[in-house]
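Before any comments, here is the structure.
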Amino acid sequence: QVQLVEGGGGLAQAGGSLRLACAASGRTLSSYNMGWFRQAPGKEREFVAAISTSGGSTYYSDSVKGRFTITRDNAKNMVFLQMNSLKPEDTAVYYCAADGPYSSGSYSSTSTAEYDFWGQGTQVTVSP
């Protein structure tokens, strides 16, 4: 079992930046593909970004490509989401998720069903 805890959310103005962090405990993250998802009020949880076990490959939704960057530090058991040029439509609860260990699926899965472990979420609010 791996436990995930997100942090770094908060209030930002449009055009601003936030950096989310996801800390893992219980297992080393190096054998898990990792993803970030978000859920706005009244909407389904949607894929944001994913990163392979080594960090060498990343994948983004079209809505955040070029603005958000996912990275990981396996030595510190952490995953990050740098969010730049924020827009009001980025407002949501952001979740960190882990797929593994040693998943047979693609690191770039956008389906919530592929991920086995989830954090509790952190709120991101972007004002106009």
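Chains: A, B, ... in order of the structure tokens. Residues: from 1 per chain. Ligands: from 1, in order shown.
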Exercise. Quick one: DSSP strand (DSSP E) residues in range 47-106 of chain A, as a ChimeraX atom specification?
Worked result: /A:47-51,58-60,68-73,78-83,92-99
Using only C-alpha atoms, find each residue of range 4-53 of chain A with at least one atom at most 8 Å away from an atom of range 112-119 of chain A; report its shortest atom-to-atom pair and that distance in Å (one decimal), sort the rows by chain and rising residue number, and return the result as a Markdown table.
```
| residue | atom | partner | partner_atom | distance |
| --- | --- | --- | --- | --- |
| A:Leu4 | CA | A:Gly119 | CA | 4.6 |
| A:Val5 | CA | A:Gly119 | CA | 5.2 |
| A:Glu6 | CA | A:Gly119 | CA | 6.3 |
| A:Arg45 | CA | A:Thr112 | CA | 7.8 |
| A:Glu46 | CA | A:Thr112 | CA | 7.9 |
| A:Phe47 | CA | A:Thr112 | CA | 7.6 |
```
With C-alpha atoms kept, could you save the residues just selected as an mmCIF file, in the first residue's frame?
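Result saved to again08.cif:
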```cif
data_model
loop_
_atom_site.group_PDB
_atom_site.id
_atom_site.type_symbol
_atom_site.label_atom_id
_atom_site.label_comp_id
_atom_site.auth_asym_id
_atom_site.auth_seq_id
_atom_site.Cartn_x
_atom_site.Cartn_y
_atom_site.Cartn_z
ATOM 1 C CA LEU A 4 -0.407 9.869 -0.881
ATOM 2 C CA VAL A 5 -0.762 13.365 0.554
ATOM 3 C CA GLU A 6 -1.096 16.445 -1.630
ATOM 4 C CA ARG A 45 -12.710 13.813 -12.282
ATOM 5 C CA GLU A 46 -10.472 14.474 -15.266
ATOM 6 C CA PHE A 47 -6.911 13.646 -16.208
#
```
Problem set entry | Close residues, Gly15 in chain A itself excluded, 12 Å, only C-alpha atoms, min 4 positions apart in chain, as a PyMOL selection string | chain A and resi 11+67+83-90+126-128
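Between CA of Asn77 in chain A and CA of Val2 in chain A there is a distance of 10.6 Å.
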Exercise. What does the distance from CA of Thr71 in chain A to CA of Ile51 in chain A come to in Å, to one decimal?
Worked result: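 Separation of CA of Thr71 in chain A and CA of Ile51 in chain A: 7.1 Å.
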For this session: Kindly indicate which residue among A:Ser31, A:Thr69, A:Gly42, A:Gly10 lies nearest to Ala98 in chain A, using only C-alpha atoms for the distances.
Result: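 Under the stated criterion, the closest residue is A:Ser31.
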For this session: Excluding Pro101 in chain A and residues on its chain fewer than 6 positions from it, collect all residues at most 9 Å away from it, counting only C-alpha atoms, and give them as a list in words.
Result: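 Near Pro101 in chain A, the qualifying residues are Leu29, Ser30, Ser31, Tyr32 and Asn33 of chain A.
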Residues just named, written with N, CA, C and O atoms as a compact mmCIF listing (two decimals), in the first residue's frame:
```
# COMPACT_ATOMS: atom_id res chain seq x y z
N LEU A 29 8.08 5.22 -4.37
CA LEU A 29 7.31 5.59 -5.55
C LEU A 29 7.97 5.19 -6.87
O LEU A 29 7.32 5.26 -7.91
N SER A 30 9.21 4.78 -6.82
CA SER A 30 9.96 4.56 -8.06
C SER A 30 9.38 3.46 -8.93
O SER A 30 9.71 3.38 -10.11
N SER A 31 8.50 2.61 -8.38
CA SER A 31 7.90 1.55 -9.17
C SER A 31 6.48 1.86 -9.60
O SER A 31 5.76 0.99 -10.10
N TYR A 32 6.05 3.10 -9.41
CA TYR A 32 4.69 3.52 -9.75
C TYR A 32 4.69 4.58 -10.84
O TYR A 32 5.45 5.56 -10.77
N ASN A 33 3.83 4.39 -11.84
CA ASN A 33 3.50 5.51 -12.71
C ASN A 33 2.62 6.45 -11.88
O ASN A 33 1.79 6.00 -11.08
```
Problem set entry | Atom pair CA of Gly16 in chain A / CA of Ser52 in chain A: separation (Å) | 27.2 Å
Exercise. Among range 3-116 of chain A, which ones does DSSP place in helix (DSSP H, G or I), written as a PyMOL selection string?
Worked result: chain A and resi 29-31+88-90+112-114
Restrict the selected residues to all heavy atoms and save them as an mmCIF file, in the first residue's frame.
```cif
data_model
loop_
_atom_site.group_PDB
_atom_site.id
_atom_site.type_symbol
_atom_site.label_atom_id
_atom_site.label_comp_id
_atom_site.auth_asym_id
_atom_site.auth_seq_id
_atom_site.Cartn_x
_atom_site.Cartn_y
_atom_site.Cartn_z
ATOM 1 N N LEU A 29 8.083 5.221 -4.375
ATOM 2 C CA LEU A 29 7.312 5.593 -5.553
ATOM 3 C C LEU A 29 7.967 5.192 -6.869
ATOM 4 O O LEU A 29 7.323 5.263 -7.913
ATOM 5 C CB LEU A 29 7.092 7.109 -5.570
ATOM 6 C CG LEU A 29 5.867 7.654 -4.861
ATOM 7 C CD1 LEU A 29 5.733 9.133 -5.142
ATOM 8 C CD2 LEU A 29 4.615 6.909 -5.235
ATOM 9 N N SER A 30 9.208 4.781 -6.820
ATOM 10 C CA SER A 30 9.956 4.560 -8.060
ATOM 11 C C SER A 30 9.379 3.460 -8.933
ATOM 12 O O SER A 30 9.713 3.379 -10.110
ATOM 13 C CB SER A 30 11.421 4.246 -7.737
ATOM 14 O OG SER A 30 11.502 3.078 -6.947
ATOM 15 N N SER A 31 8.496 2.614 -8.377
ATOM 16 C CA SER A 31 7.903 1.545 -9.170
ATOM 17 C C SER A 31 6.476 1.861 -9.597
ATOM 18 O O SER A 31 5.761 0.992 -10.100
ATOM 19 C CB SER A 31 7.925 0.230 -8.377
ATOM 20 O OG SER A 31 7.254 0.376 -7.152
ATOM 21 N N PRO A 88 -9.068 30.761 -14.657
ATOM 22 C CA PRO A 88 -10.182 30.448 -13.747
ATOM 23 C C PRO A 88 -10.728 29.037 -13.951
ATOM 24 O O PRO A 88 -11.153 28.390 -12.988
ATOM 25 C CB PRO A 88 -11.221 31.515 -14.102
ATOM 26 C CG PRO A 88 -10.412 32.680 -14.568
ATOM 27 C CD PRO A 88 -9.256 32.067 -15.319
ATOM 28 N N GLU A 89 -10.679 28.540 -15.172
ATOM 29 C CA GLU A 89 -11.188 27.185 -15.442
ATOM 30 C C GLU A 89 -10.278 26.087 -14.896
ATOM 31 O O GLU A 89 -10.633 24.910 -14.945
ATOM 32 C CB GLU A 89 -11.415 26.977 -16.944
ATOM 33 C CG GLU A 89 -10.242 27.340 -17.816
ATOM 34 C CD GLU A 89 -10.381 28.743 -18.406
ATOM 35 O OE1 GLU A 89 -10.763 29.665 -17.665
ATOM 36 O OE2 GLU A 89 -10.070 28.893 -19.610
ATOM 37 N N ASP A 90 -9.126 26.445 -14.350
ATOM 38 C CA ASP A 90 -8.270 25.472 -13.674
ATOM 39 C C ASP A 90 -8.723 25.231 -12.237
ATOM 40 O O ASP A 90 -8.184 24.358 -11.549
ATOM 41 C CB ASP A 90 -6.813 25.946 -13.658
ATOM 42 C CG ASP A 90 -6.197 25.999 -15.052
ATOM 43 O OD1 ASP A 90 -6.454 25.085 -15.851
ATOM 44 O OD2 ASP A 90 -5.456 26.966 -15.326
ATOM 45 N N THR A 112 -9.209 7.091 -14.694
ATOM 46 C CA THR A 112 -9.111 6.963 -13.238
ATOM 47 C C THR A 112 -9.056 5.500 -12.812
ATOM 48 O O THR A 112 -8.455 5.179 -11.783
ATOM 49 C CB THR A 112 -10.298 7.647 -12.545
ATOM 50 O OG1 THR A 112 -11.520 7.065 -13.028
ATOM 51 C CG2 THR A 112 -10.317 9.143 -12.812
ATOM 52 N N ALA A 113 -9.643 4.618 -13.607
ATOM 53 C CA ALA A 113 -9.700 3.194 -13.249
ATOM 54 C C ALA A 113 -8.319 2.544 -13.256
ATOM 55 O O ALA A 113 -8.131 1.493 -12.636
ATOM 56 C CB ALA A 113 -10.620 2.458 -14.214
ATOM 57 N N GLU A 114 -7.359 3.141 -13.950
ATOM 58 C CA GLU A 114 -6.016 2.560 -14.025
ATOM 59 C C GLU A 114 -5.197 2.821 -12.767
ATOM 60 O O GLU A 114 -4.187 2.163 -12.545
ATOM 61 C CB GLU A 114 -5.275 3.151 -15.232
ATOM 62 C CG GLU A 114 -5.743 2.606 -16.567
ATOM 63 C CD GLU A 114 -5.392 1.138 -16.741
ATOM 64 O OE1 GLU A 114 -4.328 0.706 -16.262
ATOM 65 O OE2 GLU A 114 -6.202 0.415 -17.350
#
```
Problem set entry | Nearest residue to Arg38 in chain A from the set A:Ser103, A:Ser61, A:Ser109, A:Gln13 (distances using only C-alpha atoms) |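 Selected residue with least distance to Arg38 in chain A: A:Ser61.
Of the residues listed (A:Cys96, A:Ala50, A:Val124, A:Leu81), A:Leu81 shows the shortest atom-to-atom separation from Leu20 in chain A; distances use only C-alpha atoms.
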